[in-house]
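S.K.: A single structure is presented below for examination.
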Amino acid sequence: MLTTQQMAGLTAADGATASQLFLDLMIEHHRGAVAMARTEAADGGNVFARNLAAHIITEQETEIVQMQTLSDYV
């Protein structure tokens with residue numbers, strides 16, 4: 001989740017600055033999702049939730065790499 005301050009910064013930004021800030025915030029957001037999913041994958045009591053968590057880890061880590069690559073072009 002974005003803080004009010006982060007959202008205000010994104011709203012106020014434009015052009016390449018907005019694009020870079022968006023990518024930075026999304027990378028941070030995805031890292032948070034990966035951290036939560038790792039906890040569930042390791043400690044969850046439901047096999048379906050653990051499997052979903054494993055899928056989330058794979059997908060979100062892939063998207064992080066893609067967004068980091070995009071950052072090189074902003």
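By convention in this document, the chains of the structure tokens carry letters A, B, ... by their order, each chain's residues are numbered from 1, and ligands are numbered from 1 in the order they are shown.
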Determine, counting only C-alpha atoms, which protein, DNA and RNA residues have an atom within 8 Å of an atom of range 66-70 of chain A; residues of the same chain fewer than 3 positions away are not included. Present the result as a list in words.
M.R.: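 Close residues of range 66-70 of chain A: Leu23, Ile27, Thr62, Glu63, Tyr73 and Val74 of chain A.
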S.K.: Mind writing the picked residues with N, CA and C atoms as a compact mmCIF listing (two decimals), in the first residue's frame?
M.R.:
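Output file part-v8.txt follows:
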# COMPACT_ATOMS: atom_id res chain seq x y z
N LEU A 23 7.49 3.10 -11.17
CA LEU A 23 8.22 1.83 -11.17
C LEU A 23 8.85 1.57 -9.81
N ILE A 27 7.85 -1.64 -7.56
CA ILE A 27 8.87 -2.62 -7.14
C ILE A 27 8.79 -2.82 -5.63
N THR A 62 9.43 -12.19 -11.03
CA THR A 62 9.60 -11.97 -12.46
C THR A 62 9.23 -10.54 -12.83
N GLU A 63 8.13 -10.06 -12.29
CA GLU A 63 7.69 -8.69 -12.59
C GLU A 63 8.67 -7.66 -12.02
N TYR A 73 15.30 2.39 -18.96
CA TYR A 73 14.89 3.10 -20.16
C TYR A 73 14.10 4.37 -19.87
N VAL A 74 13.90 4.66 -18.60
CA VAL A 74 13.14 5.86 -18.23
C VAL A 74 14.07 7.06 -18.19
S.K.: Find the nearest atom pair between each residue of range 19-38 of chain A and range 44-48 of chain A for residues within 12 Å, count only C-alpha atoms, give distances in Å to one decimal, sort rows by chain and ascending number, and present the table as JSON lines.
M.R.:
{"residue": "A:Met36", "atom": "CA", "partner": "A:Gly44", "partner_atom": "CA", "distance": 10.8}
{"residue": "A:Ala37", "atom": "CA", "partner": "A:Gly44", "partner_atom": "CA", "distance": 9.5}
{"residue": "A:Arg38", "atom": "CA", "partner": "A:Gly44", "partner_atom": "CA", "distance": 9.5}
S.K.: In terms of the shortest atom-to-atom distance over only C-alpha atoms, which of A:Leu25, A:Arg50, A:Ile57, A:Thr39 is closest to Gln5 in chain A?
M.R.: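 Result for the nearest residue to Gln5 in chain A: A:Leu25.
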S.K.: Take CA of Asp14 in chain A and CA of Met26 in chain A and report the distance between them in Å, one decimal.
M.R.: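 CA of Met26 in chain A lies at a distance of 16.4 Å from CA of Asp14 in chain A.
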S.K.: How many Å lie between CA of His55 in chain A and CA of Ala35 in chain A, rounded to one decimal?
M.R.: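 A separation of 12.9 Å between them.
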S.K.: Separation of CA of Asp43 in chain A and CA of Ile56 in chain A, in Å?
M.R.: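 Distance between the two atoms: 15.2 Å.
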